[in-house]
>>> print(open('query_20.txt').read())   # compact mmCIF, C-alpha atoms
# COMPACT_ATOMS: atom_id res chain seq x y z
CA MET M 681 -99.21 7.54 -23.75
CA GLU M 682 -100.98 6.24 -26.82
CA GLU M 683 -103.54 3.53 -26.14
CA TYR M 684 -104.33 0.50 -28.30
CA ASP M 685 -107.55 -1.50 -28.18
CA VAL M 686 -106.93 -5.18 -27.47
CA LEU M 687 -109.09 -8.26 -27.26
CA LEU M 688 -108.50 -9.90 -23.88
CA ILE M 689 -108.96 -13.66 -23.55
CA THR M 690 -108.92 -15.20 -20.08
CA THR M 691 -109.05 -18.95 -19.53
CA ASN M 692 -110.15 -20.97 -16.53
CA GLU M 693 -110.64 -24.62 -15.75
CA PRO M 694 -114.20 -25.97 -15.38
CA GLY M 695 -115.74 -25.22 -11.99
CA VAL M 696 -113.22 -22.53 -11.06
CA ASN M 697 -114.11 -20.32 -8.10
CA PRO M 698 -115.75 -17.14 -9.53
CA ARG M 699 -113.78 -14.99 -7.09
CA LYS M 700 -110.50 -16.46 -8.30
CA ALA M 701 -111.54 -15.98 -11.94
CA TYR M 702 -112.39 -12.35 -11.24
CA HIS M 703 -109.04 -11.81 -9.54
CA LYS M 704 -107.18 -13.23 -12.54
CA GLU M 705 -109.12 -10.94 -14.88
CA MET M 706 -108.48 -7.83 -12.77
CA GLU M 707 -104.80 -8.65 -12.49
CA ILE M 708 -104.21 -8.99 -16.24
CA ARG M 709 -106.24 -5.82 -16.79
CA SER M 710 -103.93 -4.03 -14.35
CA LEU M 711 -100.89 -5.38 -16.17
CA LEU M 712 -102.27 -4.11 -19.49
CA ASP M 713 -103.06 -0.75 -17.91
CA THR M 714 -99.41 -0.50 -16.88
CA LEU M 715 -98.50 -0.88 -20.56
CA GLY M 716 -101.12 1.67 -21.62
CA LEU M 717 -103.21 -0.97 -23.37
CA LYS M 718 -106.99 -0.56 -23.36
CA VAL M 719 -109.23 -3.62 -23.30
CA ALA M 720 -111.90 -3.20 -25.99
CA PHE M 721 -113.54 -6.59 -25.42
CA HIS M 722 -113.10 -9.44 -22.94
CA ILE M 723 -113.86 -13.11 -23.61
CA PRO M 724 -113.71 -15.62 -20.74
CA PHE M 725 -113.19 -19.16 -22.01
CA THR M 726 -113.42 -22.43 -20.11
CA VAL M 727 -110.51 -24.68 -21.09
CA LYS M 728 -110.57 -28.26 -19.84
CA ASP M 729 -107.58 -29.55 -21.81
CA GLU M 730 -104.99 -27.42 -23.59
CA ASN M 731 -105.12 -27.76 -27.37
CA PRO M 732 -101.52 -28.35 -28.57
CA ASN M 733 -102.11 -26.24 -31.67
CA THR M 734 -104.07 -23.23 -30.40
CA TYR M 735 -104.18 -23.62 -26.57
CA ILE M 736 -107.90 -22.76 -26.60
CA GLY M 737 -110.23 -24.88 -28.73
CA PRO M 738 -110.36 -24.28 -32.50
CA GLY M 739 -114.00 -23.23 -32.23
CA GLN M 740 -113.17 -20.80 -29.45
CA ALA M 741 -110.34 -19.36 -31.54
CA GLU M 742 -112.65 -18.82 -34.52
CA GLU M 743 -115.27 -17.14 -32.31
CA ALA M 744 -112.64 -14.85 -30.79
CA ALA M 745 -111.29 -13.98 -34.25
CA ARG M 746 -114.77 -12.93 -35.39
CA ILE M 747 -115.22 -10.70 -32.34
CA ALA M 748 -111.74 -9.18 -32.78
CA SER M 749 -112.61 -8.29 -36.37
CA GLU M 750 -116.02 -6.85 -35.48
CA THR M 751 -114.65 -4.71 -32.63
CA GLY M 752 -111.62 -3.48 -34.58
CA CYS M 753 -109.05 -4.70 -32.08
CA SER M 754 -105.40 -4.11 -32.95
CA SER M 755 -104.02 -7.11 -31.06
CA VAL M 756 -105.00 -10.06 -28.86
CA VAL M 757 -103.86 -10.79 -25.31
CA ILE M 758 -104.36 -14.23 -23.78
CA ASN M 759 -103.81 -14.53 -20.04
CA ALA M 760 -101.94 -17.83 -20.26
CA PHE M 761 -98.49 -19.17 -21.07
CA ILE M 762 -98.62 -20.44 -24.64
CA THR M 763 -96.01 -22.11 -26.78
CA ALA M 764 -94.41 -20.66 -29.91
CA ARG M 765 -96.47 -23.05 -32.03
CA GLU M 766 -99.74 -22.08 -30.37
CA GLU M 767 -98.90 -18.40 -30.71
CA LEU M 768 -98.11 -18.72 -34.42
CA ASN M 769 -101.33 -20.65 -35.16
CA LEU M 770 -103.45 -18.15 -33.25
CA GLU M 771 -101.87 -15.25 -35.13
CA LYS M 772 -102.76 -16.97 -38.42
CA ILE M 773 -106.38 -17.31 -37.26
CA PHE M 774 -106.64 -13.76 -35.93
CA SER M 775 -104.40 -12.05 -38.51
CA LEU M 776 -103.28 -10.01 -35.51
CA GLU M 777 -100.38 -9.97 -33.07
CA VAL M 778 -100.97 -12.29 -30.09
CA MET M 779 -99.36 -11.63 -26.71
CA ASP M 780 -99.40 -14.18 -23.91
CA ARG M 781 -99.01 -13.45 -20.18
CA GLU M 782 -95.23 -13.83 -20.28
CA ASN M 783 -94.89 -11.38 -23.16
CA VAL M 784 -96.98 -8.81 -21.29
CA ILE M 785 -94.89 -9.07 -18.13
CA LEU M 786 -91.65 -9.02 -20.12
CA SER M 787 -92.76 -5.79 -21.81
CA ILE M 788 -93.54 -4.17 -18.45
CA PHE M 789 -90.22 -5.23 -16.99
CA LEU M 790 -88.32 -3.79 -19.96
CA ARG M 791 -90.19 -0.48 -19.73
CA ASN M 792 -89.69 -0.03 -15.98
CA ALA M 793 -86.16 -1.38 -15.52
CA HIS M 794 -83.44 1.26 -15.17
CA SER M 795 -80.24 -0.22 -13.78
CA LYS M 796 -77.68 -1.74 -16.12
CA GLU M 797 -78.07 -5.14 -14.50
CA ALA M 798 -81.86 -5.15 -14.72
CA LEU M 799 -81.75 -4.18 -18.39
CA LEU M 800 -79.22 -6.92 -19.14
CA GLN M 801 -81.31 -9.52 -17.35
CA ILE M 802 -84.46 -8.51 -19.19
CA GLU M 803 -82.66 -8.54 -22.53
CA LYS M 804 -81.54 -12.09 -21.79
CA ALA M 805 -85.07 -13.13 -20.80
CA GLN M 806 -86.47 -11.64 -24.00
CA ALA M 807 -83.85 -13.42 -26.12
CA GLU M 808 -84.70 -16.74 -24.48
CA TYR M 809 -88.41 -16.05 -25.03
CA LEU M 810 -87.89 -15.07 -28.68
CA ARG M 811 -85.54 -17.90 -29.70
CA PRO M 812 -88.18 -20.67 -30.14
CA ARG M 813 -90.48 -18.17 -31.87
CA LEU M 814 -88.10 -17.34 -34.72
CA ARG M 815 -88.85 -20.36 -36.91
CA GLY M 816 -92.55 -19.96 -37.37
CA ARG M 817 -92.41 -16.24 -38.04
CA ILE M 818 -89.56 -16.41 -40.58
CA LEU M 819 -90.92 -19.46 -42.40
CA ASN M 820 -94.30 -17.80 -42.60
CA LEU M 821 -92.71 -14.83 -44.37
CA GLU M 822 -90.77 -17.12 -46.72
CA GLN M 823 -93.91 -19.03 -47.69
CA GLN M 824 -95.53 -15.75 -48.69
CA ARG M 825 -92.56 -15.14 -51.00
CA GLY M 826 -92.88 -18.60 -52.57
CA GLY M 827 -90.15 -20.65 -50.96
CA VAL M 828 -89.09 -23.91 -52.65
CA ARG M 829 -90.40 -27.01 -50.88
CA GLY M 830 -87.60 -29.23 -49.53
CA ALA M 831 -84.93 -26.58 -50.14
CA LYS M 832 -83.01 -24.85 -47.40
CA GLY M 833 -84.05 -21.37 -48.42
CA LEU M 834 -83.29 -17.84 -47.34
CA GLY M 835 -85.73 -17.98 -44.45
CA GLU M 836 -84.11 -21.07 -42.96
CA ARG M 837 -80.64 -19.53 -43.22
CA MET M 838 -81.94 -16.34 -41.61
CA ILE M 839 -83.34 -18.40 -38.74
CA GLU M 840 -79.96 -20.01 -38.12
CA LEU M 841 -78.19 -16.64 -38.26
CA ASP M 842 -80.70 -15.07 -35.91
CA ARG M 843 -80.41 -17.94 -33.46
CA ARG M 844 -76.63 -17.69 -33.49
CA LYS M 845 -76.89 -13.96 -32.85
CA LEU M 846 -79.23 -14.57 -29.94
CA ASP M 847 -77.00 -17.30 -28.52
CA ARG M 848 -73.92 -15.06 -28.78
CA ARG M 849 -75.76 -12.20 -27.13
CA ILE M 850 -77.01 -14.43 -24.30
CA ASN M 851 -73.44 -15.63 -23.68
CA ALA M 852 -72.15 -12.04 -23.68
CA ILE M 853 -74.86 -10.98 -21.22
CA ASP M 854 -74.00 -13.90 -18.94
CA LYS M 855 -70.37 -12.74 -18.81
CA GLU M 856 -71.40 -9.16 -18.01
CA LEU M 857 -73.76 -10.38 -15.29
CA GLU M 858 -70.97 -12.49 -13.79
CA LYS M 859 -68.86 -9.36 -13.42
CA ILE M 860 -71.72 -7.52 -11.74
CA GLU M 861 -72.28 -10.53 -9.45
CA ARG M 862 -68.63 -10.44 -8.35
CA VAL M 863 -69.00 -6.76 -7.44
CA ARG M 864 -72.18 -7.57 -5.50
CA LYS M 865 -70.45 -10.31 -3.54
CA THR M 866 -67.69 -7.87 -2.60
CA GLN M 867 -70.26 -5.31 -1.50
CA LYS M 868 -72.12 -7.98 0.46
CA LYS M 869 -68.88 -9.01 2.15
CA ASP M 870 -68.16 -5.39 3.10
CA ARG M 871 -71.70 -5.03 4.43
CA THR M 872 -71.31 -8.18 6.52
CA GLU M 873 -67.93 -7.09 7.87
CA ASN M 874 -69.33 -3.67 8.71
CA SER M 875 -72.12 -5.31 10.73
CA VAL M 876 -74.86 -3.26 9.08
CA PHE M 877 -78.28 -4.69 9.90
CA SER M 878 -80.54 -4.70 6.85
CA PHE M 879 -84.27 -5.04 6.20
CA ALA M 880 -85.87 -5.91 2.85
CA LEU M 881 -89.45 -4.93 2.07
CA VAL M 882 -91.04 -7.79 0.14
CA GLY M 883 -94.58 -8.52 -0.98
CA TYR M 884 -97.08 -8.68 -3.79
CA THR M 885 -96.69 -6.04 -6.48
CA ASN M 886 -98.50 -2.76 -5.74
CA ALA M 887 -98.77 -3.56 -2.03
CA GLY M 888 -97.33 -0.19 -1.00
CA LYS M 889 -93.67 -1.11 -0.34
CA SER M 890 -92.33 2.02 -2.06
CA SER M 891 -94.72 4.27 -0.12
CA ILE M 892 -93.51 2.81 3.16
CA MET M 893 -89.90 3.14 2.01
CA ASN M 894 -90.42 6.83 1.24
CA ALA M 895 -92.27 7.49 4.50
CA LEU M 896 -89.56 5.94 6.67
CA THR M 897 -86.42 7.10 4.87
CA LYS M 898 -87.60 10.19 2.93
CA ALA M 899 -86.36 8.42 -0.20
CA ASP M 900 -87.62 9.51 -3.60
CA VAL M 901 -88.76 6.09 -4.80
CA LEU M 902 -91.24 6.08 -7.69
CA ILE M 903 -94.82 5.53 -6.53
CA GLU M 904 -97.51 4.57 -9.03
CA ASP M 905 -100.80 2.72 -8.63
CA LYS M 906 -99.67 0.19 -11.21
CA LEU M 907 -98.26 -3.32 -11.14
CA PHE M 908 -94.47 -3.59 -11.24
CA ALA M 909 -93.86 0.16 -10.86
CA THR M 910 -90.69 -0.77 -8.94
CA LEU M 911 -88.23 -3.18 -10.54
CA ASP M 912 -84.79 -2.00 -9.44
CA THR M 913 -83.82 -2.49 -5.82
CA THR M 914 -83.49 0.77 -3.89
CA THR M 915 -81.57 0.81 -0.59
CA ARG M 916 -81.53 3.69 1.91
CA LYS M 917 -80.20 4.24 5.41
CA LEU M 918 -82.66 4.51 8.29
CA ARG M 919 -81.69 5.92 11.70
CA LEU M 920 -83.66 4.32 14.52
CA GLU M 921 -84.42 5.82 17.92
CA ASN M 922 -82.13 3.30 19.64
CA GLY M 923 -79.17 4.83 17.81
CA GLU M 924 -78.92 2.03 15.27
CA THR M 925 -78.46 2.88 11.60
CA VAL M 926 -79.93 0.13 9.41
CA LEU M 927 -80.42 -0.40 5.69
CA LEU M 928 -83.91 -0.62 4.19
CA SER M 929 -84.37 -2.07 0.69
CA ASP M 930 -87.41 -1.86 -1.58
CA THR M 931 -87.58 -4.92 -3.86
CA VAL M 932 -89.55 -6.00 -6.93
CA GLY M 933 -93.07 -7.15 -6.17
CA PHE M 934 -94.15 -10.76 -6.48
CA ILE M 935 -97.08 -11.92 -8.60
CA GLU M 936 -98.95 -15.17 -9.10
CA ASP M 937 -97.66 -17.25 -12.01
CA LEU M 938 -94.53 -15.14 -12.51
CA PRO M 939 -92.68 -16.66 -15.49
CA HIS M 940 -89.78 -18.80 -14.32
CA ARG M 941 -87.27 -17.07 -16.58
CA LEU M 942 -88.21 -13.75 -14.94
CA ILE M 943 -87.49 -15.14 -11.49
CA SER M 944 -84.06 -16.03 -12.82
CA ALA M 945 -83.75 -12.70 -14.64
CA PHE M 946 -84.36 -10.77 -11.45
CA SER M 947 -82.35 -13.01 -9.17
CA SER M 948 -80.29 -9.98 -8.13
CA THR M 949 -83.38 -8.24 -6.77
CA LEU M 950 -84.58 -11.41 -5.09
CA ASN M 951 -81.08 -12.04 -3.75
CA GLU M 952 -81.42 -8.71 -1.96
CA ALA M 953 -84.08 -10.45 0.10
CA LEU M 954 -81.79 -13.42 0.68
CA SER M 955 -78.90 -11.24 1.85
CA ALA M 956 -81.01 -9.05 4.14
CA SER M 957 -80.82 -9.60 7.89
CA ALA M 958 -84.62 -9.64 8.13
CA LEU M 959 -87.63 -9.61 5.78
CA ILE M 960 -90.73 -7.45 6.17
CA ILE M 961 -93.74 -8.66 4.19
CA VAL M 962 -95.98 -5.78 3.09
CA GLN M 963 -99.53 -6.86 2.28
CA ASP M 964 -102.22 -4.68 0.72
CA LEU M 965 -105.46 -5.07 2.70
CA GLU M 966 -107.48 -3.36 -0.03
CA SER M 967 -107.02 -6.25 -2.46
CA PRO M 968 -110.00 -8.64 -2.45
CA ASN M 969 -107.42 -11.43 -2.66
CA SER M 970 -105.12 -10.14 0.07
CA TYR M 971 -104.77 -13.54 1.71
CA GLU M 972 -104.06 -15.35 -1.57
CA ASN M 973 -101.52 -12.66 -2.51
CA PHE M 974 -99.85 -13.12 0.86
CA LEU M 975 -99.57 -16.87 0.26
CA THR M 976 -98.03 -16.21 -3.18
CA THR M 977 -95.42 -13.98 -1.53
CA LEU M 978 -94.79 -16.53 1.19
CA ASN M 979 -94.37 -19.39 -1.30
CA THR M 980 -91.91 -17.32 -3.35
CA ILE M 981 -89.86 -16.58 -0.25
CA LYS M 982 -89.88 -20.29 0.59
CA GLU M 983 -88.57 -21.05 -2.91
CA LEU M 984 -85.74 -18.60 -2.22
CA GLY M 985 -84.92 -20.42 1.01
CA ALA M 986 -85.42 -17.26 3.10
CA GLU M 987 -88.55 -18.13 5.08
CA ASP M 988 -86.63 -18.06 8.37
CA LYS M 989 -85.80 -14.38 7.80
CA ILE M 990 -89.43 -13.21 7.89
CA LYS M 991 -89.76 -11.10 11.03
CA LEU M 992 -92.77 -8.88 10.49
CA LEU M 993 -96.03 -8.60 8.51
CA VAL M 994 -97.19 -5.09 7.57
CA LEU M 995 -100.93 -4.92 6.82
CA ASN M 996 -101.01 -1.83 4.65
CA LYS M 997 -103.72 0.53 3.26
CA VAL M 998 -105.98 0.14 6.30
CA ASP M 999 -107.57 3.50 5.38
CA ARG M 1000 -109.32 1.88 2.40
CA GLU M 1001 -112.09 -0.72 2.23
CA TYR M 1002 -110.89 -4.22 2.98
CA ASP M 1003 -112.16 -7.74 3.56
CA ASP M 1004 -112.55 -8.40 7.30
CA TYR M 1005 -112.31 -12.17 6.90
CA ASN M 1006 -109.05 -12.01 4.94
CA THR M 1007 -107.64 -9.52 7.45
CA ILE M 1008 -108.45 -11.84 10.36
CA ARG M 1009 -106.75 -14.73 8.54
CA LEU M 1010 -103.64 -12.61 7.98
CA LYS M 1011 -103.51 -11.49 11.62
CA ASN M 1012 -103.89 -15.07 12.82
CA TYR M 1013 -101.32 -16.59 10.45
CA GLY M 1014 -98.60 -16.49 13.10
CA TYR M 1015 -96.34 -13.56 12.24
CA GLU M 1016 -96.03 -10.45 14.34
CA TYR M 1017 -97.88 -7.70 12.51
CA VAL M 1018 -98.51 -3.97 12.40
CA VAL M 1019 -101.43 -2.23 10.67
CA THR M 1020 -100.46 0.82 8.60
CA SER M 1021 -101.63 3.55 6.25
CA VAL M 1022 -99.00 5.83 4.76
CA LYS M 1023 -101.67 8.20 3.46
CA GLU M 1024 -103.24 8.67 6.91
CA ASP M 1025 -99.95 8.26 8.84
CA ILE M 1026 -101.30 5.26 10.73
CA GLY M 1027 -99.01 2.73 12.37
CA LEU M 1028 -95.69 4.12 11.08
CA GLU M 1029 -94.34 4.91 14.54
CA GLU M 1030 -95.30 1.43 15.71
CA LEU M 1031 -93.58 0.00 12.64
CA VAL M 1032 -90.32 1.78 13.50
CA GLU M 1033 -90.60 0.56 17.10
CA LYS M 1034 -90.93 -3.01 15.87
CA LEU M 1035 -87.88 -2.56 13.63
CA GLU M 1036 -85.94 -1.42 16.68
CA ARG M 1037 -87.13 -4.46 18.60
CA ILE M 1038 -85.92 -6.75 15.81
CA THR M 1039 -82.47 -5.15 15.80
CA ASP M 1040 -82.40 -5.36 19.61
CA GLU M 1041 -82.72 -9.12 19.33
CA ASN M 1042 -79.39 -9.24 17.49
CA GLU M 1043 -77.57 -6.31 19.06
CA THR M 1044 -76.88 -4.75 22.43
CA THR M 1045 -75.42 -1.59 23.95
CA ILE M 1046 -72.27 -1.81 26.12
CA GLU M 1047 -70.18 0.74 27.99
CA LEU M 1048 -66.41 0.67 27.63
CA LYS M 1049 -63.97 2.12 30.14
CA THR M 1050 -60.75 2.92 28.27
CA PRO M 1051 -57.62 5.11 28.49
CA LEU M 1052 -58.02 8.85 27.92
CA ASP M 1053 -55.67 8.82 24.92
CA GLY M 1054 -58.53 7.92 22.56
CA SER M 1055 -56.75 4.89 21.10
CA ILE M 1056 -59.97 2.94 21.53
CA PHE M 1057 -61.58 4.70 18.56
CA SER M 1058 -59.37 2.86 16.08
CA LYS M 1059 -60.50 -0.44 17.58
CA ILE M 1060 -64.23 0.10 17.21
CA ARG M 1061 -65.44 -2.33 14.57
CA LYS M 1062 -66.78 -0.83 11.35
CA GLY M 1063 -70.55 -0.62 11.44
CA ASP M 1064 -70.81 -0.49 15.23
CA THR M 1065 -72.42 2.71 16.50
CA ILE M 1066 -70.93 4.98 19.13
CA ILE M 1067 -73.85 6.28 21.18
CA SER M 1068 -72.00 8.62 23.53
CA THR M 1069 -68.53 9.49 24.86
CA THR M 1070 -67.79 10.84 28.35
CA TYR M 1071 -64.36 12.05 29.54
CA LYS M 1072 -63.66 11.70 33.26
CA GLU M 1073 -60.50 12.05 35.28
CA ASP M 1074 -59.81 8.34 35.48
CA ALA M 1075 -60.85 7.15 32.02
CA LEU M 1076 -62.86 7.59 28.84
CA TYR M 1077 -66.33 6.04 28.94
CA ILE M 1078 -67.94 5.09 25.63
CA LYS M 1079 -71.37 3.61 24.95
CA VAL M 1080 -71.33 1.47 21.81
CA ARG M 1081 -74.06 -0.38 19.95
CA ILE M 1082 -72.64 -3.78 18.91
CA LYS M 1083 -73.62 -7.20 17.70
CA LYS M 1084 -74.02 -9.60 20.59
CA SER M 1085 -71.43 -11.88 19.04
CA TYR M 1086 -68.77 -9.16 19.58
CA ILE M 1087 -69.22 -8.91 23.36
CA THR M 1088 -66.08 -10.99 24.05
CA TYR M 1089 -63.99 -8.85 21.67
CA TYR M 1090 -65.03 -5.61 23.33
CA GLY M 1091 -64.67 -7.09 26.78
CA LYS M 1092 -60.94 -7.38 26.18
CA LEU M 1093 -60.74 -3.63 25.45
CA ASN M 1094 -62.05 -2.63 28.85
CA LEU M 1095 -59.62 -1.41 31.51
CA GLU M 1096 -59.00 -3.91 34.30
>>> encode(input="query_20.txt", output="structure tokens")
Amino acid sequence: MEEYDVLLITTNEPGVNPRKAYHKEMEIRSLLDTLGLKVAFHIPFTVKDENPNTYIGPGQAEEAARIASETGCSSVVINAFITAREELNLEKIFSLEVMDRENVILSIFLRNAHSKEALLQIEKAQAEYLRPRLRGRILNLEQQRGGVRGAKGLGERMIELDRRKLDRRINAIDKELEKIERVRKTQKKDRTENSVFSFALVGYTNAGKSSIMNALTKADVLIEDKLFATLDTTTRKLRLENGETVLLSDTVGFIEDLPHRLISAFSSTLNEALSASALIIVQDLESPNSYENFLTTLNTIKELGAEDKIKLLVLNKVDREYDDYNTIRLKNYGYEYVVTSVKEDIGLEELVEKLERITDENETTIELKTPLDGSIFSKIRKGDTIISTTYKEDALYIKVRIKKSYITYYGKLNLE
């Protein structure tokens, strides 16, 4: 992958905790690394009040422009959410392309999305991001060509046409996504009727969810030491020792300050967490901000209204160096936890045992005594698991794994 040298600008409020500032810098560097962008020079700026024209101060912008020119940078990245106006003014000062945090994350999502739905959602997010940025860019080109002041020139008409095109495309995408949503609701209904217990792996991006998914289910989920390597939800079956077959889903990772339109754009992936029977938070112990990342994940789950589904905390990558204080805080937060390392095969058996315990809380095993004609088999509810069948002279005995709510139904099938 070809690399491009960029000037990285990070901004912090006065008196910010140095550890937090370092974390923000490392995170945006990781995001740029995912895109194959190399940081040639980094400038940390203190910003007390956002400048409505350039976000950073005019003097700071001029200083950064001089450094960008001297270092030969091909573009500028600012780790902040800036408006279309601020972006345009900064590009005039730098004479270079300027990318803000949202643009960086959008680019990663587009590169790593694969499913039709994910691609549609990202296209919509990009269109919404681009729409307010059309005017400045087109008018700037027209001014270079000598537009007539006060006249509604070619550039203005092009803006209107482009906006209409974007609006039409957004409407078309919405209709396509509605169709996909109807299919998902049908699939969700079938899953509910079939009584399939499901787990969703959730957590901060690059926490190791895909590695755990692969280790437990032998799935071939992409694993990369990069942020947002997984964007599309992957679901696999997992057979537990108690005879239960459950579904395990690997979902998109969370991140601090995720653009709101991207939360909406990936609502399908996040809805996987909402529709799961239970959530498993996977937290990377190696991160120096493991506790803060955990809180970001937890707050996102709260926003989704799924906090009550959190059943287990997986403290992952215990084979690497980690912060003891953060680890103690995570262990004492209140959730049941298991410490794991996929690389060293640590804690995976215990993790499976805890998954079984969670399913046991919602399900039970019963034995049915029924006629020998086998008619009972057509009455077993879809999704329930037959553990064993034994034929005796007087009857057929079947052990079945069922939801506790179905005990009355199966009780009526027993011979008097």
>>> closest_residue(input="query_20.txt", among="M:Ile1067, M:Gln740, M:Ala958, M:Arg1000", to="Glu1041 (chain M)", atoms="only C-alpha atoms")
M:Ala958
>>> closest_residue(input="query_20.txt", among="M:Leu1076, M:Ala793, M:Leu1031, M:Ile785", to="Pro1051 (chain M)", atoms="only C-alpha atoms")
M:Leu1076
>>> closest_residue(input="query_20.txt", among="M:Ile689, M:Arg811, M:Arg781, M:Val696", to="Val756 (chain M)", atoms="only C-alpha atoms")
M:Ile689
>>> residues_around(input="query_20.txt", residues="region 759-765 of chain M", least_positions_apart="3", cutoff="7 Å", atoms="only C-alpha atoms", output="ChimeraX atom specification")
/M:689-691,708,733,735,768-769,780-782,812-813
>>> write_last_selection(input="query_20.txt", atoms="C-alpha atoms", output="PDB file, keeping the file's coordinate frame")
ATOM      1  CA  ILE M 689    -108.960 -13.660 -23.550  1.00  0.00           C
ATOM      2  CA  THR M 690    -108.920 -15.200 -20.080  1.00  0.00           C
ATOM      3  CA  THR M 691    -109.050 -18.950 -19.530  1.00  0.00           C
ATOM      4  CA  ILE M 708    -104.210  -8.990 -16.240  1.00  0.00           C
ATOM      5  CA  ASN M 733    -102.110 -26.240 -31.670  1.00  0.00           C
ATOM      6  CA  TYR M 735    -104.180 -23.620 -26.570  1.00  0.00           C
ATOM      7  CA  LEU M 768     -98.110 -18.720 -34.420  1.00  0.00           C
ATOM      8  CA  ASN M 769    -101.330 -20.650 -35.160  1.00  0.00           C
ATOM      9  CA  ASP M 780     -99.400 -14.180 -23.910  1.00  0.00           C
ATOM     10  CA  ARG M 781     -99.010 -13.450 -20.180  1.00  0.00           C
ATOM     11  CA  GLU M 782     -95.230 -13.830 -20.280  1.00  0.00           C
ATOM     12  CA  PRO M 812     -88.180 -20.670 -30.140  1.00  0.00           C
ATOM     13  CA  ARG M 813     -90.480 -18.170 -31.870  1.00  0.00           C
TER      14      ARG M 813
END
>>> atom_distance(input="query_20.txt", atom1="CA of Ile961 (chain M)", atom2="CA of Glu861 (chain M)")
25.5 Å
>>> residues_around(input="query_20.txt", residues="region 1021-1028 of chain M", least_positions_apart="2", cutoff="9 Å", atoms="all atoms listed in the file", output="JSON, numbers by chain")
{"M": [888, 891, 892, 895, 896, 995, 996, 997, 998, 999, 1000, 1018, 1019, 1030, 1031, 1032, 1033]}
>>> write_last_selection(input="query_20.txt", atoms="C-alpha atoms", output="compact mmCIF listing (two decimals), keeping the file's coordinate frame")
# COMPACT_ATOMS: atom_id res chain seq x y z
CA GLY M 888 -97.33 -0.19 -1.00
CA SER M 891 -94.72 4.27 -0.12
CA ILE M 892 -93.51 2.81 3.16
CA ALA M 895 -92.27 7.49 4.50
CA LEU M 896 -89.56 5.94 6.67
CA LEU M 995 -100.93 -4.92 6.82
CA ASN M 996 -101.01 -1.83 4.65
CA LYS M 997 -103.72 0.53 3.26
CA VAL M 998 -105.98 0.14 6.30
CA ASP M 999 -107.57 3.50 5.38
CA ARG M 1000 -109.32 1.88 2.40
CA VAL M 1018 -98.51 -3.97 12.40
CA VAL M 1019 -101.43 -2.23 10.67
CA GLU M 1030 -95.30 1.43 15.71
CA LEU M 1031 -93.58 0.00 12.64
CA VAL M 1032 -90.32 1.78 13.50
CA GLU M 1033 -90.60 0.56 17.10
>>> closest_residue(input="query_20.txt", among="M:Phe879, M:Tyr1005, M:Tyr1071, M:Phe974", to="Ile960 (chain M)", atoms="all atoms listed in the file")
M:Phe879
>>> residues_around(input="query_20.txt", residues="Val784 (chain M)", least_positions_apart="6", cutoff="10 Å", atoms="all atoms listed in the file", output="mmCIF file with C-alpha atoms, keeping the file's coordinate frame")
data_model
loop_
_atom_site.group_PDB
_atom_site.id
_atom_site.type_symbol
_atom_site.label_atom_id
_atom_site.label_comp_id
_atom_site.auth_asym_id
_atom_site.auth_seq_id
_atom_site.Cartn_x
_atom_site.Cartn_y
_atom_site.Cartn_z
ATOM 1 C CA ILE M 708 -104.210 -8.990 -16.240
ATOM 2 C CA LEU M 711 -100.890 -5.380 -16.170
ATOM 3 C CA LEU M 712 -102.270 -4.110 -19.490
ATOM 4 C CA THR M 714 -99.410 -0.500 -16.880
ATOM 5 C CA LEU M 715 -98.500 -0.880 -20.560
ATOM 6 C CA VAL M 757 -103.860 -10.790 -25.310
ATOM 7 C CA ILE M 758 -104.360 -14.230 -23.780
ATOM 8 C CA ASN M 759 -103.810 -14.530 -20.040
#
>>> closest_residue(input="query_20.txt", among="M:Asn1094, M:Ser929, M:Ser970, M:Thr1065", to="Ile1082 (chain M)", atoms="all atoms listed in the file")
M:Thr1065
>>> atom_distance(input="query_20.txt", atom1="CA of Thr885 (chain M)", atom2="CA of Arg941 (chain M)")
17.7 Å
>>> atom_distance(input="query_20.txt", atom1="CA of His703 (chain M)", atom2="CA of Glu750 (chain M)")
27.3 Å
>>> residues_around(input="query_20.txt", residues="Lys991 (chain M)", least_positions_apart="2", cutoff="10 Å", atoms="only C-alpha atoms", output="mmCIF file with C-alpha atoms, in the coordinates of the input")
data_model
loop_
_atom_site.group_PDB
_atom_site.id
_atom_site.type_symbol
_atom_site.label_atom_id
_atom_site.label_comp_id
_atom_site.auth_asym_id
_atom_site.auth_seq_id
_atom_site.Cartn_x
_atom_site.Cartn_y
_atom_site.Cartn_z
ATOM 1 C CA PHE M 879 -84.270 -5.040 6.200
ATOM 2 C CA SER M 957 -80.820 -9.600 7.890
ATOM 3 C CA ALA M 958 -84.620 -9.640 8.130
ATOM 4 C CA LEU M 959 -87.630 -9.610 5.780
ATOM 5 C CA ILE M 960 -90.730 -7.450 6.170
ATOM 6 C CA ILE M 961 -93.740 -8.660 4.190
ATOM 7 C CA GLU M 987 -88.550 -18.130 5.080
ATOM 8 C CA ASP M 988 -86.630 -18.060 8.370
ATOM 9 C CA LYS M 989 -85.800 -14.380 7.800
ATOM 10 C CA LEU M 993 -96.030 -8.600 8.510
ATOM 11 C CA TYR M 1015 -96.340 -13.560 12.240
ATOM 12 C CA GLU M 1016 -96.030 -10.450 14.340
ATOM 13 C CA TYR M 1017 -97.880 -7.700 12.510
ATOM 14 C CA LYS M 1034 -90.930 -3.010 15.870
ATOM 15 C CA LEU M 1035 -87.880 -2.560 13.630
ATOM 16 C CA ILE M 1038 -85.920 -6.750 15.810
#
